[in-house]
>>> print(open('entry.csv').read())   # CSV, C-alpha atoms
chain,number,residue,atom,x,y,z
E,1,MET,CA,-30.7,34.2,15.3
E,2,SER,CA,-30.7,32.3,18.6
E,3,LYS,CA,-27.6,32.3,20.7
E,4,ARG,CA,-25.9,29.2,21.9
E,5,VAL,CA,-26.7,28.3,25.5
E,6,ILE,CA,-24.0,26.9,27.8
E,7,ASN,CA,-25.7,25.1,30.8
E,8,ILE,CA,-23.6,25.2,33.9
E,9,ALA,CA,-24.1,23.4,37.2
E,10,ALA,CA,-22.8,25.5,40.0
E,11,VAL,CA,-21.8,23.4,43.0
E,12,PRO,CA,-20.3,25.8,45.6
E,13,GLY,CA,-19.6,23.1,48.2
E,14,ASP,CA,-18.0,24.0,51.5
E,15,GLY,CA,-16.3,27.0,53.3
E,16,ILE,CA,-15.5,29.8,50.9
E,17,GLY,CA,-16.8,27.8,48.0
E,18,PRO,CA,-20.2,29.7,47.8
E,19,GLU,CA,-18.4,33.1,47.9
E,20,VAL,CA,-16.0,32.3,45.0
E,21,ILE,CA,-18.6,30.4,42.9
E,22,ASP,CA,-21.0,33.3,43.2
E,23,ALA,CA,-18.3,35.6,42.0
E,24,GLY,CA,-17.3,33.2,39.2
E,25,MET,CA,-20.9,32.9,37.9
E,26,GLU,CA,-21.1,36.7,37.9
E,27,VAL,CA,-18.0,37.0,35.8
E,28,LEU,CA,-19.1,34.2,33.5
E,29,ASN,CA,-22.4,36.0,32.8
E,30,ALA,CA,-20.5,39.3,32.3
E,31,VAL,CA,-18.1,37.9,29.7
E,32,ALA,CA,-21.0,36.1,27.9
E,33,LYS,CA,-22.9,39.4,27.7
E,34,ARG,CA,-19.7,41.2,26.5
E,35,ASP,CA,-18.9,38.6,23.9
E,36,GLY,CA,-22.5,38.4,22.6
E,37,GLY,CA,-22.2,35.0,20.9
E,38,PHE,CA,-23.6,32.9,23.7
E,39,VAL,CA,-25.5,33.0,27.0
E,40,ILE,CA,-25.0,31.3,30.3
E,41,LYS,CA,-27.8,29.3,31.9
E,42,SER,CA,-27.0,28.0,35.3
E,43,GLU,CA,-28.5,26.1,38.3
E,44,ARG,CA,-27.0,26.1,41.8
E,45,PHE,CA,-26.8,22.9,43.8
E,46,ASP,CA,-26.2,23.4,47.5
E,47,TRP,CA,-24.5,20.0,48.0
E,48,GLY,CA,-21.8,19.6,50.5
E,49,SER,CA,-21.0,19.1,54.2
E,50,GLU,CA,-23.9,21.1,55.5
E,51,ARG,CA,-26.3,18.8,53.7
E,52,TYR,CA,-24.3,15.8,54.9
E,53,LEU,CA,-24.7,16.8,58.5
E,54,LYS,CA,-28.4,17.3,58.1
E,55,LYS,CA,-29.4,14.5,55.8
E,56,GLY,CA,-26.5,12.0,55.8
E,57,ASP,CA,-25.5,12.5,52.2
E,58,PHE,CA,-23.6,15.1,50.2
E,59,MET,CA,-26.0,15.0,47.2
E,60,PRO,CA,-29.3,13.4,46.4
E,61,GLU,CA,-29.4,9.9,45.1
E,62,ASN,CA,-30.0,11.1,41.6
E,63,GLY,CA,-27.4,13.8,41.8
E,64,LEU,CA,-25.0,12.4,39.3
E,65,GLU,CA,-27.8,11.8,36.8
E,66,THR,CA,-28.8,15.4,37.3
E,67,LEU,CA,-25.3,16.7,36.5
E,68,LYS,CA,-25.2,14.7,33.3
E,69,ALA,CA,-27.7,17.1,31.8
E,70,PHE,CA,-25.3,20.0,32.0
E,71,ASP,CA,-22.5,21.1,29.7
E,72,SER,CA,-20.0,21.9,32.5
E,73,ILE,CA,-19.7,22.1,36.3
E,74,LEU,CA,-18.2,25.0,38.3
E,75,PHE,CA,-17.2,23.6,41.6
E,76,GLY,CA,-16.1,25.5,44.7
E,77,SER,CA,-14.5,23.3,47.4
E,78,ALA,CA,-14.9,20.3,49.6
E,79,GLY,CA,-13.9,20.2,53.2
E,80,ASP,CA,-15.4,21.0,56.6
E,81,PRO,CA,-13.7,20.7,60.0
E,82,ARG,CA,-16.8,18.9,61.3
E,83,VAL,CA,-16.5,16.1,58.8
E,84,PRO,CA,-13.4,13.9,58.2
E,85,ASP,CA,-11.6,14.9,55.0
E,86,HIS,CA,-11.8,11.5,53.4
E,87,ILE,CA,-15.6,11.5,53.8
E,88,THR,CA,-16.1,14.9,52.2
E,89,LEU,CA,-13.7,14.2,49.3
E,90,TRP,CA,-15.1,10.8,48.4
E,91,GLY,CA,-18.7,11.9,49.1
E,92,LEU,CA,-18.6,14.8,46.7
E,93,ARG,CA,-15.6,15.8,44.5
E,94,LEU,CA,-14.2,12.3,43.8
E,95,LYS,CA,-17.7,10.9,43.4
E,96,ILE,CA,-18.3,13.4,40.6
E,97,CYS,CA,-14.9,13.0,39.0
E,98,GLN,CA,-14.7,9.3,39.0
E,99,THR,CA,-18.3,8.5,38.1
E,100,LEU,CA,-18.3,10.9,35.2
E,101,ASP,CA,-14.8,9.6,34.2
E,102,GLN,CA,-13.2,13.0,34.2
E,103,TYR,CA,-9.9,11.4,33.7
E,104,ALA,CA,-7.7,14.3,32.7
E,105,ASN,CA,-7.0,16.8,35.4
E,106,VAL,CA,-5.3,19.8,33.9
E,107,ARG,CA,-3.6,22.4,36.1
E,108,PRO,CA,-1.9,25.4,34.4
E,109,ALA,CA,0.8,27.1,36.5
E,110,ARG,CA,2.0,30.5,35.3
E,111,LEU,CA,3.3,33.7,36.8
E,112,LEU,CA,0.7,36.3,36.0
E,113,PRO,CA,1.6,39.9,35.3
E,114,GLY,CA,2.3,41.8,38.5
E,115,ILE,CA,2.7,38.6,40.6
E,116,GLU,CA,6.0,37.9,42.2
E,117,GLY,CA,6.5,34.3,43.2
E,118,PRO,CA,9.0,33.0,45.8
E,119,LEU,CA,11.6,32.1,43.2
E,120,LYS,CA,13.9,35.2,42.9
E,121,GLY,CA,14.3,36.5,39.4
E,122,VAL,CA,11.9,34.0,37.8
E,123,THR,CA,9.3,35.4,35.5
E,124,SER,CA,6.5,34.0,33.3
E,125,LYS,CA,9.2,33.3,30.7
E,126,GLU,CA,10.7,30.7,32.9
E,127,LEU,CA,7.6,29.6,34.8
E,128,ASP,CA,4.7,28.7,32.4
E,129,TRP,CA,3.7,25.1,32.9
E,130,VAL,CA,0.8,22.7,32.6
E,131,ILE,CA,0.6,19.7,34.9
E,132,VAL,CA,-1.5,16.9,33.6
E,133,ARG,CA,-2.8,14.5,36.4
E,134,GLU,CA,-4.3,11.1,35.8
E,135,ASN,CA,-7.7,11.7,37.5
E,136,SER,CA,-9.5,8.4,37.6
E,137,GLU,CA,-7.4,5.6,39.1
E,138,GLY,CA,-3.9,5.1,40.4
E,139,GLU,CA,-3.3,5.9,44.1
E,140,TYR,CA,-6.9,7.3,44.4
E,141,ALA,CA,-8.6,4.2,43.0
E,142,GLY,CA,-10.2,3.5,46.4
E,143,VAL,CA,-9.0,-0.1,46.5
E,144,GLY,CA,-7.9,-1.3,49.9
E,145,GLY,CA,-9.2,-1.5,53.5
E,146,ARG,CA,-8.6,-1.8,57.2
E,147,VAL,CA,-8.9,-4.9,59.3
E,148,HIS,CA,-8.5,-5.8,63.0
E,149,GLN,CA,-9.1,-2.1,63.9
E,150,SER,CA,-7.8,-1.0,67.2
E,151,LEU,CA,-5.9,-4.2,67.7
E,152,ALA,CA,-2.1,-4.6,67.7
E,153,GLU,CA,-2.3,-6.4,64.4
E,154,GLU,CA,-4.4,-3.8,62.7
E,155,VAL,CA,-3.7,-3.4,58.9
E,156,GLY,CA,-4.5,-0.4,56.7
E,157,MET,CA,-3.9,-0.7,53.0
E,158,ASP,CA,-4.4,1.4,49.8
E,159,VAL,CA,-3.7,-0.3,46.5
E,160,ALA,CA,-2.7,1.8,43.5
E,161,VAL,CA,-4.4,0.5,40.5
E,162,PHE,CA,-3.1,1.3,37.0
E,163,THR,CA,-4.8,0.0,33.8
E,164,ARG,CA,-3.3,0.2,30.3
E,165,THR,CA,-6.4,2.0,29.2
E,166,GLY,CA,-6.1,4.6,32.0
E,167,VAL,CA,-2.3,5.1,31.6
E,168,GLU,CA,-2.2,5.3,27.8
E,169,ARG,CA,-5.1,7.7,27.5
E,170,ILE,CA,-3.7,10.2,30.0
E,171,GLN,CA,-0.2,10.0,28.4
E,172,ARG,CA,-1.6,10.5,24.9
E,173,PHE,CA,-3.7,13.4,26.2
E,174,ALA,CA,-0.6,15.0,27.7
E,175,LEU,CA,1.4,14.4,24.5
E,176,GLU,CA,-1.3,16.0,22.4
E,177,LEU,CA,-1.4,19.0,24.9
E,178,ALA,CA,2.4,19.3,24.8
E,179,ARG,CA,2.2,19.3,21.0
E,180,SER,CA,-0.3,22.2,21.0
E,181,ARG,CA,2.1,24.4,23.1
E,182,PRO,CA,4.9,26.4,21.6
E,183,ARG,CA,7.8,24.5,23.2
E,184,LYS,CA,6.3,21.0,22.4
E,185,LYS,CA,8.0,19.5,25.5
E,186,LEU,CA,6.7,16.8,27.9
E,187,THR,CA,8.2,15.4,31.1
E,188,LEU,CA,6.9,12.1,32.4
E,189,VAL,CA,7.1,11.9,36.2
E,190,THR,CA,7.1,8.5,38.0
E,191,LYS,CA,8.9,6.8,40.9
E,192,SER,CA,10.0,3.7,39.1
E,193,ASN,CA,13.2,3.2,41.0
E,194,ALA,CA,11.3,2.2,44.1
E,195,GLN,CA,7.8,1.3,42.9
E,196,ARG,CA,8.9,-1.5,40.5
E,197,HIS,CA,5.5,-2.6,39.2
E,198,GLY,CA,3.0,0.2,38.6
E,199,MET,CA,5.6,2.9,38.0
E,200,VAL,CA,7.7,0.7,35.6
E,201,PHE,CA,4.4,0.0,33.8
E,202,TRP,CA,3.9,3.8,33.4
E,203,ASP,CA,7.4,4.1,32.0
E,204,SER,CA,6.9,1.2,29.6
E,205,VAL,CA,3.7,2.5,28.2
E,206,PHE,CA,5.3,5.9,27.6
E,207,GLU,CA,8.2,4.3,25.7
E,208,GLN,CA,5.7,2.5,23.5
E,209,ILE,CA,3.6,5.5,22.5
E,210,LYS,CA,5.9,8.5,22.5
E,211,GLY,CA,7.2,7.6,19.1
E,212,ASP,CA,3.7,8.5,17.7
E,213,TYR,CA,4.6,12.1,18.6
E,214,PRO,CA,8.0,12.7,17.0
E,215,ASP,CA,7.5,16.5,17.2
E,216,VAL,CA,7.3,16.4,21.0
E,217,GLU,CA,10.5,16.5,23.0
E,218,THR,CA,10.2,14.1,26.0
E,219,ASP,CA,12.2,13.3,29.1
E,220,LYS,CA,11.6,11.5,32.4
E,221,MET,CA,12.1,12.4,36.0
E,222,LEU,CA,11.6,10.7,39.4
E,223,VAL,CA,9.0,12.6,41.4
E,224,ASP,CA,11.4,13.6,44.2
E,225,ALA,CA,14.0,14.9,41.7
E,226,MET,CA,11.1,16.8,39.9
E,227,THR,CA,10.4,18.8,43.0
E,228,THR,CA,14.0,20.0,43.0
E,229,ARG,CA,13.9,20.8,39.3
E,230,MET,CA,10.7,22.8,39.7
E,231,VAL,CA,12.5,25.1,42.2
E,232,LEU,CA,16.0,25.2,40.8
E,233,LYS,CA,15.4,24.9,37.1
E,234,PRO,CA,11.9,26.0,36.3
E,235,GLU,CA,12.8,27.2,32.8
E,236,THR,CA,13.5,23.5,31.8
E,237,ILE,CA,9.8,22.5,32.3
E,238,ASP,CA,6.8,22.9,30.1
E,239,THR,CA,4.2,20.2,30.2
E,240,VAL,CA,4.2,17.5,32.9
E,241,VAL,CA,2.3,14.2,33.1
E,242,ALA,CA,2.1,12.1,36.3
E,243,THR,CA,-0.1,9.8,38.4
E,244,ASN,CA,-3.0,10.9,40.5
E,245,LEU,CA,-1.0,11.3,43.7
E,246,HIS,CA,2.3,12.6,42.2
E,247,ALA,CA,0.6,15.2,40.1
E,248,ASP,CA,-1.6,16.3,43.0
E,249,VAL,CA,1.4,17.1,45.1
E,250,LEU,CA,3.4,18.6,42.2
E,251,SER,CA,0.6,20.9,41.1
E,252,ASP,CA,0.2,22.3,44.7
E,253,LEU,CA,3.9,23.1,44.7
E,254,ALA,CA,3.5,24.7,41.2
E,255,ALA,CA,0.7,26.9,42.5
E,256,ALA,CA,2.8,28.0,45.5
E,257,LEU,CA,5.7,28.9,43.1
E,258,THR,CA,3.3,31.1,41.1
E,259,GLY,CA,2.4,33.2,44.1
E,260,SER,CA,-0.5,31.5,45.9
E,261,LEU,CA,-2.8,28.5,45.9
E,262,GLY,CA,-5.6,31.1,45.7
E,263,ILE,CA,-4.9,31.9,42.0
E,264,ALA,CA,-4.5,28.4,40.7
E,265,PRO,CA,-7.2,26.8,38.5
E,266,THR,CA,-8.1,23.2,37.6
E,267,GLY,CA,-10.1,21.5,34.9
E,268,ASN,CA,-11.3,17.9,35.5
E,269,LEU,CA,-11.9,17.0,31.9
E,270,ARG,CA,-13.9,14.4,30.1
E,271,PRO,CA,-12.2,15.1,26.7
E,272,GLU,CA,-14.7,13.1,24.7
E,273,LYS,CA,-17.4,15.5,25.9
E,274,ASP,CA,-20.0,12.7,26.4
E,275,ALA,CA,-20.3,13.9,30.0
E,276,PRO,CA,-19.7,17.2,31.6
E,277,SER,CA,-16.3,18.4,32.8
E,278,MET,CA,-15.8,20.1,36.1
E,279,PHE,CA,-13.7,23.3,36.8
E,280,GLU,CA,-12.6,24.4,40.2
E,281,PRO,CA,-10.0,26.5,42.0
E,282,ILE,CA,-7.6,24.4,44.0
E,283,HIS,CA,-7.4,26.5,47.2
E,284,GLY,CA,-9.7,24.4,49.3
E,285,SER,CA,-12.5,25.4,51.7
E,286,ALA,CA,-10.5,27.8,53.9
E,287,PHE,CA,-12.9,27.8,56.8
E,288,ASP,CA,-10.7,30.3,58.7
E,289,ILE,CA,-11.7,33.1,56.3
E,290,MET,CA,-15.2,32.0,55.4
E,291,GLY,CA,-17.8,34.8,55.5
E,292,LYS,CA,-15.1,37.5,55.9
E,293,GLY,CA,-15.4,38.7,52.3
E,294,ILE,CA,-11.6,38.3,51.7
E,295,ALA,CA,-11.4,35.0,49.7
E,296,ASN,CA,-9.4,35.2,46.5
E,297,PRO,CA,-11.8,34.6,43.6
E,298,LEU,CA,-9.0,34.7,40.9
E,299,GLY,CA,-8.5,30.9,40.9
E,300,THR,CA,-12.3,30.5,40.2
E,301,PHE,CA,-12.1,33.1,37.4
E,302,TRP,CA,-9.2,31.3,35.8
E,303,SER,CA,-11.1,28.1,36.1
E,304,ALA,CA,-14.0,29.8,34.4
E,305,ALA,CA,-11.8,30.8,31.6
E,306,MET,CA,-10.8,27.1,31.2
E,307,LEU,CA,-14.5,26.2,31.2
E,308,LEU,CA,-15.1,28.6,28.3
E,309,GLU,CA,-12.1,27.3,26.4
E,310,HIS,CA,-13.4,23.7,26.9
E,311,GLU,CA,-16.8,24.8,25.6
E,312,GLY,CA,-15.2,26.1,22.5
E,313,GLU,CA,-15.7,29.8,23.3
E,314,LEU,CA,-12.1,30.7,22.7
E,315,ASP,CA,-12.5,34.4,22.3
E,316,ALA,CA,-14.5,34.7,25.5
E,317,ALA,CA,-11.9,32.6,27.4
E,318,LYS,CA,-9.1,34.9,26.1
E,319,ARG,CA,-11.1,38.0,27.0
E,320,LEU,CA,-11.6,36.7,30.6
E,321,MET,CA,-8.0,35.7,30.9
E,322,LYS,CA,-6.8,39.1,29.7
E,323,ALA,CA,-9.1,40.8,32.2
E,324,ILE,CA,-7.6,38.7,35.1
E,325,GLU,CA,-4.1,39.6,33.8
E,326,ARG,CA,-5.0,43.3,33.6
E,327,VAL,CA,-6.1,43.3,37.2
E,328,THR,CA,-3.0,41.5,38.5
E,329,GLY,CA,-0.8,43.6,36.3
E,330,GLU,CA,-2.1,46.9,37.6
E,331,GLY,CA,-1.7,45.6,41.2
E,332,LYS,CA,-4.4,48.0,42.7
E,333,HIS,CA,-6.9,45.3,43.5
E,334,LEU,CA,-4.9,42.3,44.7
E,335,PRO,CA,-6.3,40.0,47.5
E,336,ARG,CA,-4.4,39.4,50.7
E,337,ASP,CA,-2.8,36.2,49.7
E,338,LEU,CA,-1.2,38.0,46.8
E,339,GLY,CA,0.1,40.9,49.0
E,340,GLY,CA,-2.8,43.2,48.5
E,341,THR,CA,-5.7,44.4,50.7
E,342,ALA,CA,-8.6,44.1,48.3
E,343,THR,CA,-11.8,42.3,49.3
E,344,SER,CA,-13.4,39.6,47.2
E,345,ARG,CA,-16.0,42.2,46.0
E,346,GLU,CA,-13.3,44.6,45.0
E,347,VAL,CA,-11.3,42.0,43.1
E,348,THR,CA,-14.5,40.8,41.3
E,349,ASP,CA,-15.5,44.4,40.4
E,350,ALA,CA,-12.0,45.1,39.0
E,351,VAL,CA,-12.3,42.0,36.8
E,352,LEU,CA,-15.8,42.9,35.7
E,353,GLU,CA,-14.6,46.4,34.7
E,354,ALA,CA,-11.6,45.0,32.8
E,355,ILE,CA,-14.0,42.7,30.9
E,356,GLN,CA,-16.1,45.7,29.9
E,357,GLN,CA,-13.1,47.7,28.8
E,358,SER,CA,-11.7,44.9,26.7
E,359,ASN,CA,-11.5,45.8,23.0
E,360,GLU,CA,-10.5,42.4,21.7
>>> encode(input="entry.csv", output="structure tokens")
Amino acid sequence: MSKRVINIAAVPGDGIGPEVIDAGMEVLNAVAKRDGGFVIKSERFDWGSERYLKKGDFMPENGLETLKAFDSILFGSAGDPRVPDHITLWGLRLKICQTLDQYANVRPARLLPGIEGPLKGVTSKELDWVIVRENSEGEYAGVGGRVHQSLAEEVGMDVAVFTRTGVERIQRFALELARSRPRKKLTLVTKSNAQRHGMVFWDSVFEQIKGDYPDVETDKMLVDAMTTRMVLKPETIDTVVATNLHADVLSDLAAALTGSLGIAPTGNLRPEKDAPSMFEPIHGSAFDIMGKGIANPLGTFWSAAMLLEHEGELDAAKRLMKAIERVTGEGKHLPRDLGGTATSREVTDAVLEAIQQSNE
């Protein structure tokens, strides 16, 4: 009987991206071999700033069409000190996300075993969140411009664009996700006291559709108040939905509260599965540690577990997540950003060993 093949496009990107993506693919292949029900087939694409500096583009003209042939994408990072950040972001990561309409950005935030976050006395019982970020429009729609550059009357403008289709689909996605979690609780985050059009629109759509989910407890917060709540009352939060910009900021705060940005994963989802979804760690390109062998690969491993879950390989995803938790719980092979001294290789080897020793 032939095994299922999961086709993965590996796009390492910039900085430490190649290091963590190589480790991530190694772990994915190991868990596939251990699980036995599927195999991983992958192709590596060296797209990023190095290519841009040599050829003037981050990917070939047919790059997006090439990606559509894959089931999922494992992405490293975008960012290079030699290239302005907005050029790298729009030339690679956002180009992939927006063109493939990966409109649901999902970022779990949880204190893993053995990891102590900056909030004293807070455990995974109090800090176990999922932040859902609208990933296709809003403040990152790319609408705006600059005129009269370098003159006294220069104007720079970015316009946040919210469509009913975009707002309703991400809110329904978040409500469905909240429904699937034990607490069945969702917090809508906006800034509708000051932004009286787009944010009030977000509030209005939510009021219209939340009644379709009577089993989900809902509440609303202004984004500035939400940052305070995340720090002072983490136990009151479960699932959160917010705009592209607001959730981007909140999810980085959430990652810091769980110990380090280096451990945090992301899924850029196309829930309909008519195009590939993309999974990535959120830590960035970290050029200051590139090539030193000390990058934290755990965020990539957790992202790989999300990839497996999205692909329907639930047992394999659980096995990989248990392996990650075993390594953090034992505390012997923690990377530097989590208070340890382990190299990337040592962390990877520890997770590989935990996968092999898994009995589930």
>>> closest_atom_pairs(input="entry.csv", of="region 171-258 of chain E", to="region 279-302 of chain E", cutoff="10 Å", atoms="all atoms listed in the file", output="CSV")
residue,atom,partner,partner_atom,distance
E:Ser251,CA,E:Ile282,CA,9.4
E:Asp252,CA,E:Ile282,CA,8.1
E:Ala255,CA,E:Ile282,CA,8.8
>>> atom_distance(input="entry.csv", atom1="CA of Gly17 (chain E)", atom2="CA of Thr239 (chain E)")
28.6 Å
>>> residues_around(input="entry.csv", residues="Ser124 (chain E)", least_positions_apart="5", cutoff="8 Å", atoms="only C-alpha atoms", output="PyMOL selection string")
chain E and resi 110-113
>>> residues_around(input="entry.csv", residues="Ser2 (chain E)", least_positions_apart="4", cutoff="12 Å", atoms="all atoms listed in the file", output="list of chain:residue names")
E:Gly36, E:Gly37, E:Phe38, E:Val39
>>> atom_distance(input="entry.csv", atom1="CA of Leu261 (chain E)", atom2="CA of Pro118 (chain E)")
12.6 Å
>>> atom_distance(input="entry.csv", atom1="CA of Lys233 (chain E)", atom2="CA of Glu126 (chain E)")
8.6 Å
>>> closest_residue(input="entry.csv", among="E:Val351, E:Val231, E:Val155, E:Val223", to="Gly329 (chain E)", atoms="only C-alpha atoms")
E:Val351
>>> closest_residue(input="entry.csv", among="E:Thr187, E:Thr328, E:Gly13, E:Ile40", to="Glu26 (chain E)", atoms="only C-alpha atoms")
E:Ile40
>>> residues_around(input="entry.csv", residues="Leu67 (chain E)", least_positions_apart="6", cutoff="10 Å", atoms="all atoms listed in the file", output="JSON, numbers by chain")
{"E": [8, 9, 10, 11, 45, 73, 96, 100, 275, 276, 277]}
>>> closest_residue(input="entry.csv", among="E:Ser180, E:Thr165, E:Ser136, E:Asn105", to="Thr266 (chain E)", atoms="all atoms listed in the file")
E:Asn105
>>> closest_residue(input="entry.csv", among="E:Glu313, E:Glu168, E:Asp238, E:Glu19", to="Gln208 (chain E)", atoms="all atoms listed in the file")
E:Glu168
>>> closest_residue(input="entry.csv", among="E:Thr88, E:Gly79, E:Ala32, E:Ile355", to="Phe58 (chain E)", atoms="only C-alpha atoms")
E:Thr88
>>> residues_near_point(input="entry.csv", point="(-24.4, 36.9, 33.1)", cutoff="12 Å", atoms="all atoms listed in the file", output="list of chain:residue names")
E:Val5, E:Ile6, E:Ile8, E:Asp22, E:Ala23, E:Gly24, E:Met25, E:Glu26, E:Val27, E:Leu28, E:Asn29, E:Ala30, E:Val31, E:Ala32, E:Lys33, E:Arg34, E:Asp35, E:Gly36, E:Phe38, E:Val39, E:Ile40, E:Lys41, E:Ser42, E:Leu352
>>> residues_around(input="entry.csv", residues="Asn135 (chain E)", least_positions_apart="3", cutoff="8 Å", atoms="all atoms listed in the file", output="list in words")
Cys97, Gln98, Gln102, Tyr103, Ala104, Asn105, Thr243, Asn244 and Asn268 of chain E
>>> decode(input="entry.csv", residues="region 212-236 of chain E", atoms="N, CA and C atoms", output="tab-separated table (two decimals), in the first residue's frame")
chain	number	residue	atom	x	y	z
E	212	ASP	N	-24.40	33.34	15.90
E	212	ASP	CA	-24.36	32.04	15.24
E	212	ASP	C	-23.54	31.02	16.03
E	213	TYR	N	-22.88	31.49	17.07
E	213	TYR	CA	-22.01	30.63	17.89
E	213	TYR	C	-22.40	30.79	19.36
E	214	PRO	N	-23.59	30.37	19.74
E	214	PRO	CA	-24.08	30.60	21.10
E	214	PRO	C	-23.27	29.90	22.17
E	215	ASP	N	-22.51	28.87	21.76
E	215	ASP	CA	-21.70	28.13	22.73
E	215	ASP	C	-20.35	28.79	23.00
E	216	VAL	N	-20.04	29.87	22.27
E	216	VAL	CA	-18.77	30.57	22.46
E	216	VAL	C	-19.00	31.84	23.28
E	217	GLU	N	-18.31	31.95	24.38
E	217	GLU	CA	-18.36	33.16	25.22
E	217	GLU	C	-17.50	34.25	24.56
E	218	THR	N	-18.04	35.43	24.38
E	218	THR	CA	-17.29	36.49	23.70
E	218	THR	C	-17.20	37.75	24.57
E	219	ASP	N	-16.14	38.50	24.34
E	219	ASP	CA	-16.02	39.83	24.92
E	219	ASP	C	-15.19	40.68	23.99
E	220	LYS	N	-15.11	41.99	24.26
E	220	LYS	CA	-14.39	42.92	23.39
E	220	LYS	C	-13.44	43.76	24.23
E	221	MET	N	-12.29	44.10	23.63
E	221	MET	CA	-11.30	44.94	24.30
E	221	MET	C	-10.70	45.92	23.30
E	222	LEU	N	-10.35	47.09	23.76
E	222	LEU	CA	-9.52	48.00	22.98
E	222	LEU	C	-8.08	47.51	23.04
E	223	VAL	N	-7.35	47.71	21.96
E	223	VAL	CA	-6.05	47.08	21.84
E	223	VAL	C	-5.07	47.54	22.93
E	224	ASP	N	-5.13	48.79	23.32
E	224	ASP	CA	-4.21	49.25	24.37
E	224	ASP	C	-4.55	48.60	25.71
E	225	ALA	N	-5.84	48.48	26.01
E	225	ALA	CA	-6.25	47.81	27.24
E	225	ALA	C	-5.90	46.32	27.20
E	226	MET	N	-5.89	45.75	25.99
E	226	MET	CA	-5.58	44.32	25.87
E	226	MET	C	-4.13	44.03	26.26
E	227	THR	N	-3.20	44.93	25.94
E	227	THR	CA	-1.81	44.71	26.33
E	227	THR	C	-1.69	44.63	27.85
E	228	THR	N	-2.44	45.49	28.54
E	228	THR	CA	-2.44	45.46	30.01
E	228	THR	C	-3.04	44.17	30.52
E	229	ARG	N	-4.13	43.74	29.92
E	229	ARG	CA	-4.79	42.50	30.35
E	229	ARG	C	-3.89	41.29	30.14
E	230	MET	N	-3.14	41.26	29.05
E	230	MET	CA	-2.24	40.14	28.79
E	230	MET	C	-1.18	40.00	29.87
E	231	VAL	N	-0.76	41.11	30.42
E	231	VAL	CA	0.28	41.09	31.44
E	231	VAL	C	-0.29	40.86	32.84
E	232	LEU	N	-1.40	41.50	33.14
E	232	LEU	CA	-1.93	41.47	34.50
E	232	LEU	C	-2.98	40.39	34.75
E	233	LYS	N	-3.70	39.99	33.71
E	233	LYS	CA	-4.76	38.99	33.88
E	233	LYS	C	-4.72	37.94	32.77
E	234	PRO	N	-3.60	37.26	32.61
E	234	PRO	CA	-3.47	36.32	31.49
E	234	PRO	C	-4.48	35.17	31.56
E	235	GLU	N	-4.91	34.83	32.75
E	235	GLU	CA	-5.83	33.71	32.91
E	235	GLU	C	-7.22	33.99	32.35
E	236	THR	N	-7.53	35.26	32.05
E	236	THR	CA	-8.85	35.61	31.51
E	236	THR	C	-8.92	35.51	29.99
